[in-house]
Amino acid sequence: MTIAALAVGVPLWLVAVTSAKPQAEAIKPNLDLPRQWQPASNYADAVSQGEMLRGFLNSLLVVVPSVVLVLILGAGAAWVFARRTSKLVSAAYALCISGLLLPPAVITIVMELRQLGLSNTRPGMIAVYTGMYLSTSIFFMTGFIRAIPMELEEAARMDGASPSRIFWRIVLPLLRPVIATATIMVMLYAWSDIFYAFFVLGGGDRATLPLNLYQVASAQLYLNNWHLVFAYVVVMSLPMVAVFLVGQRKIVSGITSGAVK
Amino acid sequence: MTDTVVRTRKPAAQGAPKGVGRLPRAAVHHPWWFALPAIVVFAGFFLVPNLLNFYYPFTNWSSYHADIAFTGLDNFQTIAEDGSLLRAIRTTLVYALLAALFQNGFGLVLALLLEDDSRFNRFFRAVFFLPVLISALATGYVFQALLDQDGAVNSVLGTDIPWLGSTTWTLVIVTLIHGWKWMGLSMLIYLAGLKGIPGEMLEAAKCDGAGPWRTFWSVRWPMLAPAVTFNVTTALIGSMNTFDIVQATTGGGPAASTEVFNIYMFRVFGQGLYAQASTMSLVLFLIVVALAIPLVFGLRRREQLL
């Protein structure tokens with residue numbers, strides 16, 4: 001158990017101490033405590049030199065809409081896929097979750113976005129993330145809805161509720177645990193993605209946090225800015241840790257019912 | 001249009017006795033248009049690019065030509081002749097295999113160790129999930145700082161080993177990092193699987209005099225089959241799509257020994273050779289399909305047998 005704890009503890013410790021060191025101490029990264037503590041100025045430098053605030057805003061502007069779209073569109077599709085039985089439905093379901101396994105064709109996505117006039121734009125990035133991660137949410141949600149008794153919907157139908165009303169008032173609220181799971185999975189992928197962001201957004205004004213981090217770290221070939229890189233890593237990771245801590249219990253139950261069934 | 005469907009079919013469904021006319025009722029209660037937006041977005045931004053990916057590899061699309069012309073198998077020939085095709089296939093397959101092995105191995109061991117619901121265990125579950133929450137790019141930089149020749153590991157051990165400089169072992173080290181980053185997710189899914197085993201089953205095994213090993217192999221492991229299917233498939237197929245960890249630790253080096261498909265695409269796309277990058281993307285697609293289908297069906301059948 002101690003070995004296992006070390007395996008996670010040491011890397012995290014390295015991040016924490018290095019992000020508080022002055023540059024001279026951080027050039028050769030080690031596990032010592034900083035002789036001179038300067039976390040505040042490192043984080044301030046990461047914000048000013050690394051364009052951190054702009055990156056943070058850019059990340060929010062693509063990740064939040066992507067997650068919302070993935071959840072709402074995914075829930076609608078999952079509801080239909082879980083409740084209807086026909087060959088056409090199973091075929092559509094199989095196609096829609098094929099994205100779990102198939103790799104996105106990132107090069108031709110660039111081509112398509114150019115033709116649509118969406119390359120280097122946030123809507124383009126949102127569309128790509130939504131298309132890529134819909135499979136995850138549909139897969140988890142369909143498994144979850146199948147386990148919800150049909151009677152709940154039928155009771156509302158007796159009272160004369162329309163399908164849209166049933167969807168918004170009954171199905172979506174019941175989906176809360178699996179929505180938590182899907183949210184964290186999609187946020188996790190989209191928040192930390194650099195590969196697709198590189199192709200779709202490129203650098204420049206719309207660069208997201210990971211793209212900025214990549215630029216800061218690539219520049220370190222000449223500068224050795226480990227202290228800034230790790231200050232960046234901390235700031236980039238904290239939102240995800242916060243989201244996880246808030247939704248922890250629901251995330252676990254969502255995974256239980258979605259993946260293992 | 002949906003409205004008319006609803007109106008014409010509703011009376012029939014209401015008039016019919018229960019259980020009859022299932023299909024029309026489904027059409028009324030769960031109309032297709034709830035699924036349509038998702039299907040349209042998925043088709044538009046996932047399926048269509050993958051279909052286009054069967055065309056562009058056969059063209060000369062690049063930043064050097066104004067228009068795109070058909071060139072047949074030229075791109076395939078180029079990447080086959082300069083050796084990058086076979087190297088990328090080999091590297092990616094080895095990477096996927098080892099990464100899946102480490103991720104699942106670590107994950108399963110952690111799940112078994114932390115199975116009981118104590119406060120201590122719950123804390124450590126959260127700790128081991130932390131790497132999942134840290135971006136793969138950041139993880140890569142952390143390990144670069146640890147494993148650098150001037151890095152923390154060498155300074156603790158008092159050694160001078162170039163951990164990321166071996167053309168043979170660096171690939172293995174990078175897959176270990178991949179396993180480290182994702183083990184928390186595997187752990188969570190295995191935990192979910194373990195929780196799904198009915199308590200009576202374990203008690204029955206105990207009554208029959210089975211020890212912990214025997215219980216594991218005869219009861220728990222077979223009951224974990226769905227979790228194994230999910231974990232192994234996503235780990236194996238997902239890690240074929242790896243990029244960030246490799247880019248941040250080695251950038252594909254040393255001597256291209258860790259150049260997986262996506263690193264190659266990233267590099268060649270940066271050079272403006274779009275069609276060539278797209279060729280590699282098609283090869284990746286075909287290999288994933290060839291691997292995924294037997295894998296999923298094989299593991300599913302195994303679930304039924306166990």
# chains A, B, ... in the order shown; residues from 1 in each chain; ligands from 1

call {"tool": "interface_residues", "arguments": {"of": "chain A", "to": "chain B", "cutoff": "7 Å", "atoms": "only C-alpha atoms", "output": "ChimeraX atom specification"}}
result
/A:8,11,15,28-31,73-74,76-77,80,84,96,101-105,107-109,112,127-128,131-132,134,163,188,192,195,233,237,240-241,255-256,259-261

call {"tool": "residues_around", "arguments": {"residues": "Leu86 of chain B", "least_positions_apart": "3", "cutoff": "12 Å", "atoms": "only C-alpha atoms", "output": "PyMOL selection string"}}
result
chain B and resi 76-83+89-93+257+259-261+280+283-284

call {"tool": "write_last_selection", "arguments": {"atoms": "N, CA, C and O atoms", "output": "CSV table (one decimal), in the first residue's frame"}}
result
chain,number,residue,atom,x,y,z
B,76,PHE,N,0.5,5.9,-50.0
B,76,PHE,CA,0.8,4.6,-49.3
B,76,PHE,C,2.2,4.1,-49.7
B,76,PHE,O,2.9,3.7,-48.8
B,77,GLN,N,2.6,4.3,-50.9
B,77,GLN,CA,3.9,3.9,-51.3
B,77,GLN,C,5.0,4.7,-50.6
B,77,GLN,O,6.0,4.2,-50.1
B,78,THR,N,4.8,6.0,-50.5
B,78,THR,CA,5.7,6.9,-49.8
B,78,THR,C,6.0,6.4,-48.4
B,78,THR,O,7.1,6.2,-48.0
B,79,ILE,N,4.9,6.3,-47.6
B,79,ILE,CA,5.1,6.0,-46.2
B,79,ILE,C,5.5,4.5,-46.0
B,79,ILE,O,6.2,4.2,-45.0
B,80,ALA,N,5.2,3.6,-47.0
B,80,ALA,CA,5.8,2.3,-46.9
B,80,ALA,C,7.3,2.3,-47.2
B,80,ALA,O,8.0,1.6,-46.5
B,81,GLU,N,7.7,3.1,-48.1
B,81,GLU,CA,9.1,3.0,-48.5
B,81,GLU,C,10.0,3.7,-47.5
B,81,GLU,O,11.1,3.3,-47.3
B,82,ASP,N,9.5,4.8,-46.9
B,82,ASP,CA,10.4,5.5,-45.9
B,82,ASP,C,10.3,4.8,-44.5
B,82,ASP,O,10.9,5.3,-43.6
B,83,GLY,N,9.6,3.7,-44.5
B,83,GLY,CA,9.6,2.9,-43.2
B,83,GLY,C,8.7,3.4,-42.2
B,83,GLY,O,8.5,2.7,-41.2
B,89,ILE,N,2.8,1.2,-37.2
B,89,ILE,CA,2.0,0.1,-36.9
B,89,ILE,C,2.5,-0.7,-35.7
B,89,ILE,O,1.9,-0.9,-34.7
B,90,ARG,N,3.8,-1.1,-35.8
B,90,ARG,CA,4.4,-1.8,-34.7
B,90,ARG,C,4.4,-1.1,-33.4
B,90,ARG,O,4.0,-1.6,-32.4
B,91,THR,N,4.9,0.2,-33.4
B,91,THR,CA,4.9,1.0,-32.2
B,91,THR,C,3.6,1.1,-31.6
B,91,THR,O,3.4,1.0,-30.4
B,92,THR,N,2.6,1.4,-32.4
B,92,THR,CA,1.2,1.7,-31.9
B,92,THR,C,0.7,0.4,-31.2
B,92,THR,O,0.1,0.4,-30.2
B,93,LEU,N,0.9,-0.7,-31.9
B,93,LEU,CA,0.3,-2.0,-31.4
B,93,LEU,C,1.0,-2.4,-30.0
B,93,LEU,O,0.4,-2.8,-29.1
B,257,SER,N,11.5,6.0,-32.1
B,257,SER,CA,11.1,4.7,-31.5
B,257,SER,C,9.8,4.8,-30.8
B,257,SER,O,9.2,3.7,-30.5
B,259,GLU,N,7.2,6.8,-32.1
B,259,GLU,CA,6.4,7.5,-33.0
B,259,GLU,C,5.1,6.7,-33.3
B,259,GLU,O,5.1,5.9,-34.3
B,260,VAL,N,4.0,6.9,-32.5
B,260,VAL,CA,2.8,6.2,-32.8
B,260,VAL,C,2.0,7.0,-33.9
B,260,VAL,O,2.5,8.1,-34.3
B,261,PHE,N,0.9,6.4,-34.3
B,261,PHE,CA,0.2,7.0,-35.4
B,261,PHE,C,-0.1,8.5,-35.3
B,261,PHE,O,0.2,9.3,-36.2
B,280,MET,N,-2.1,7.9,-43.1
B,280,MET,CA,-1.8,7.3,-41.8
B,280,MET,C,-3.1,7.1,-41.0
B,280,MET,O,-3.4,6.1,-40.3
B,283,VAL,N,-5.0,4.2,-42.2
B,283,VAL,CA,-4.4,2.9,-41.7
B,283,VAL,C,-4.8,2.7,-40.3
B,283,VAL,O,-5.2,1.6,-39.9
B,284,LEU,N,-4.7,3.7,-39.5
B,284,LEU,CA,-5.1,3.6,-38.1
B,284,LEU,C,-6.6,3.1,-38.0
B,284,LEU,O,-6.9,2.2,-37.2

call {"tool": "atom_distance", "arguments": {"atom1": "atom CA of Pro222 of chain B", "atom2": "atom CA of Leu306 of chain B"}}
result
5.4 Å

call {"tool": "residues_around", "arguments": {"residues": "segment 203-218 of chain A", "least_positions_apart": "6", "cutoff": "6 Å", "atoms": "only C-alpha atoms", "output": "VMD selection string"}}
result
chain A and resid 55 to 56 58 to 59 194

call {"tool": "closest_residue", "arguments": {"among": "A:Ala16, A:Leu69, A:Ala46, A:Ala26", "to": "Pro123 of chain A", "atoms": "only C-alpha atoms"}}
result
A:Leu69

call {"tool": "select_by_dssp", "arguments": {"residues": "segment 75-253 of chain B", "states": "alpha helix (DSSP H)", "output": "MDAnalysis selection string"}}
result
chainID B and resid 75:81 84:113 119:133 136:147 152:157 169:195 199:207 212:215 221:223 225:239 244:249

call {"tool": "write_last_selection", "arguments": {"atoms": "C-alpha atoms", "output": "compact mmCIF listing (two decimals), in the first residue's frame"}}
result
# COMPACT_ATOMS: atom_id res chain seq x y z
CA ASN B 75 0.93 8.21 -50.47
CA PHE B 76 0.81 4.61 -49.35
CA GLN B 77 3.93 3.91 -51.35
CA THR B 78 5.73 6.89 -49.82
CA ILE B 79 5.05 5.95 -46.21
CA ALA B 80 5.75 2.28 -46.89
CA GLU B 81 9.08 3.05 -48.52
CA SER B 84 7.17 5.01 -41.25
CA LEU B 85 4.16 2.81 -42.02
CA LEU B 86 5.48 -0.42 -40.52
CA ARG B 87 7.20 1.41 -37.69
CA ALA B 88 4.03 3.27 -36.73
CA ILE B 89 1.96 0.07 -36.86
CA ARG B 90 4.43 -1.84 -34.72
CA THR B 91 4.94 0.99 -32.22
CA THR B 92 1.24 1.67 -31.85
CA LEU B 93 0.34 -2.00 -31.37
CA VAL B 94 3.07 -2.52 -28.77
CA TYR B 95 2.01 0.68 -27.04
CA ALA B 96 -1.66 -0.33 -26.95
CA LEU B 97 -0.92 -3.81 -25.68
CA LEU B 98 1.41 -2.72 -22.88
CA ALA B 99 -0.70 0.31 -21.91
CA ALA B 100 -3.82 -1.86 -21.64
CA LEU B 101 -1.91 -4.45 -19.65
CA PHE B 102 -0.53 -1.92 -17.15
CA GLN B 103 -3.73 0.08 -16.85
CA ASN B 104 -5.86 -3.00 -16.21
CA GLY B 105 -3.32 -4.73 -14.01
CA PHE B 106 -2.85 -1.72 -11.74
CA GLY B 107 -6.59 -1.00 -11.80
CA LEU B 108 -7.62 -4.53 -10.84
CA VAL B 109 -5.08 -4.79 -8.03
CA LEU B 110 -6.17 -1.42 -6.64
CA ALA B 111 -9.84 -2.40 -6.85
CA LEU B 112 -9.21 -5.62 -4.95
CA LEU B 113 -7.11 -3.83 -2.31
CA ARG B 119 -13.04 5.67 5.26
CA PHE B 120 -9.37 4.86 4.64
CA ASN B 121 -10.20 3.02 1.42
CA ARG B 122 -12.50 5.73 0.19
CA PHE B 123 -9.75 8.30 0.66
CA PHE B 124 -7.23 6.23 -1.26
CA ARG B 125 -9.70 5.59 -4.08
CA ALA B 126 -9.94 9.35 -4.53
CA VAL B 127 -6.13 9.63 -4.42
CA PHE B 128 -5.69 7.03 -7.15
CA PHE B 129 -8.33 8.74 -9.25
CA LEU B 130 -6.37 12.01 -9.18
CA PRO B 131 -4.09 11.11 -12.14
CA VAL B 132 -7.20 10.56 -14.26
CA LEU B 133 -8.21 14.14 -13.56
CA ALA B 136 -2.39 13.66 -20.19
CA LEU B 137 -0.18 16.47 -21.43
CA ALA B 138 0.49 17.61 -17.85
CA THR B 139 1.10 14.00 -16.80
CA GLY B 140 3.67 13.76 -19.56
CA TYR B 141 5.51 16.84 -18.33
CA VAL B 142 5.46 15.61 -14.74
CA PHE B 143 7.13 12.37 -15.77
CA GLN B 144 9.55 14.17 -18.03
CA ALA B 145 10.68 16.15 -15.00
CA LEU B 146 10.90 12.94 -12.96
CA LEU B 147 12.74 10.87 -15.56
CA ALA B 152 14.10 13.92 -9.75
CA VAL B 153 14.40 10.12 -10.02
CA ASN B 154 18.09 10.25 -10.85
CA SER B 155 18.69 12.78 -8.09
CA VAL B 156 16.97 10.55 -5.50
CA LEU B 157 18.73 7.37 -6.67
CA TRP B 169 12.88 0.73 -23.22
CA THR B 170 11.51 4.24 -23.56
CA LEU B 171 8.38 2.88 -25.24
CA VAL B 172 7.80 0.60 -22.25
CA ILE B 173 8.32 3.47 -19.80
CA VAL B 174 5.86 5.64 -21.69
CA THR B 175 3.24 2.87 -21.57
CA LEU B 176 3.84 2.58 -17.81
CA ILE B 177 3.08 6.30 -17.53
CA HIS B 178 -0.07 5.73 -19.59
CA GLY B 179 -1.07 2.93 -17.23
CA TRP B 180 -0.38 5.17 -14.24
CA LYS B 181 -2.55 7.95 -15.62
CA TRP B 182 -5.58 5.79 -16.39
CA MET B 183 -5.42 3.12 -13.66
CA GLY B 184 -7.90 5.09 -11.52
CA LEU B 185 -10.61 4.74 -14.12
CA SER B 186 -10.06 1.01 -14.51
CA MET B 187 -10.08 0.73 -10.72
CA LEU B 188 -13.44 2.47 -10.52
CA ILE B 189 -15.00 0.19 -13.12
CA TYR B 190 -13.58 -2.95 -11.50
CA LEU B 191 -14.87 -1.71 -8.14
CA ALA B 192 -18.30 -1.28 -9.70
CA GLY B 193 -18.05 -4.85 -10.99
CA LEU B 194 -17.02 -6.20 -7.58
CA LYS B 195 -19.91 -4.35 -5.92
CA GLY B 199 -23.16 -11.18 -1.15
CA GLU B 200 -24.88 -14.55 -0.91
CA MET B 201 -22.64 -15.87 -3.64
CA LEU B 202 -19.50 -15.00 -1.70
CA GLU B 203 -20.99 -16.45 1.48
CA ALA B 204 -21.91 -19.64 -0.32
CA ALA B 205 -18.34 -19.94 -1.53
CA LYS B 206 -17.13 -19.42 2.03
CA CYS B 207 -19.48 -22.12 3.34
CA PRO B 212 -9.55 -16.16 -0.90
CA TRP B 213 -7.70 -17.39 -4.02
CA ARG B 214 -10.29 -19.98 -4.84
CA THR B 215 -13.09 -17.41 -4.32
CA TRP B 221 -13.18 -13.20 -11.70
CA PRO B 222 -16.02 -14.75 -13.74
CA MET B 223 -18.48 -12.23 -12.30
CA ALA B 225 -16.37 -10.41 -16.99
CA PRO B 226 -18.46 -7.40 -18.11
CA ALA B 227 -16.07 -5.00 -16.37
CA VAL B 228 -13.13 -6.77 -18.02
CA THR B 229 -14.79 -6.48 -21.42
CA PHE B 230 -15.35 -2.76 -21.00
CA ASN B 231 -11.95 -2.02 -19.50
CA VAL B 232 -9.85 -4.08 -21.87
CA THR B 233 -11.66 -2.85 -24.96
CA THR B 234 -11.55 0.84 -24.06
CA ALA B 235 -7.94 0.61 -22.86
CA LEU B 236 -6.66 -1.30 -25.87
CA ILE B 237 -8.54 0.65 -28.51
CA GLY B 238 -8.28 3.99 -26.68
CA SER B 239 -4.53 3.78 -26.30
CA ASP B 244 -0.42 13.71 -25.37
CA ILE B 245 1.67 11.53 -23.07
CA VAL B 246 4.05 10.53 -25.85
CA GLN B 247 4.32 14.06 -27.19
CA ALA B 248 5.05 15.50 -23.75
CA THR B 249 7.59 12.88 -22.70

call {"tool": "atom_distance", "arguments": {"atom1": "atom CA of Arg35 of chain A", "atom2": "atom CA of Lys21 of chain A"}}
result
7.6 Å
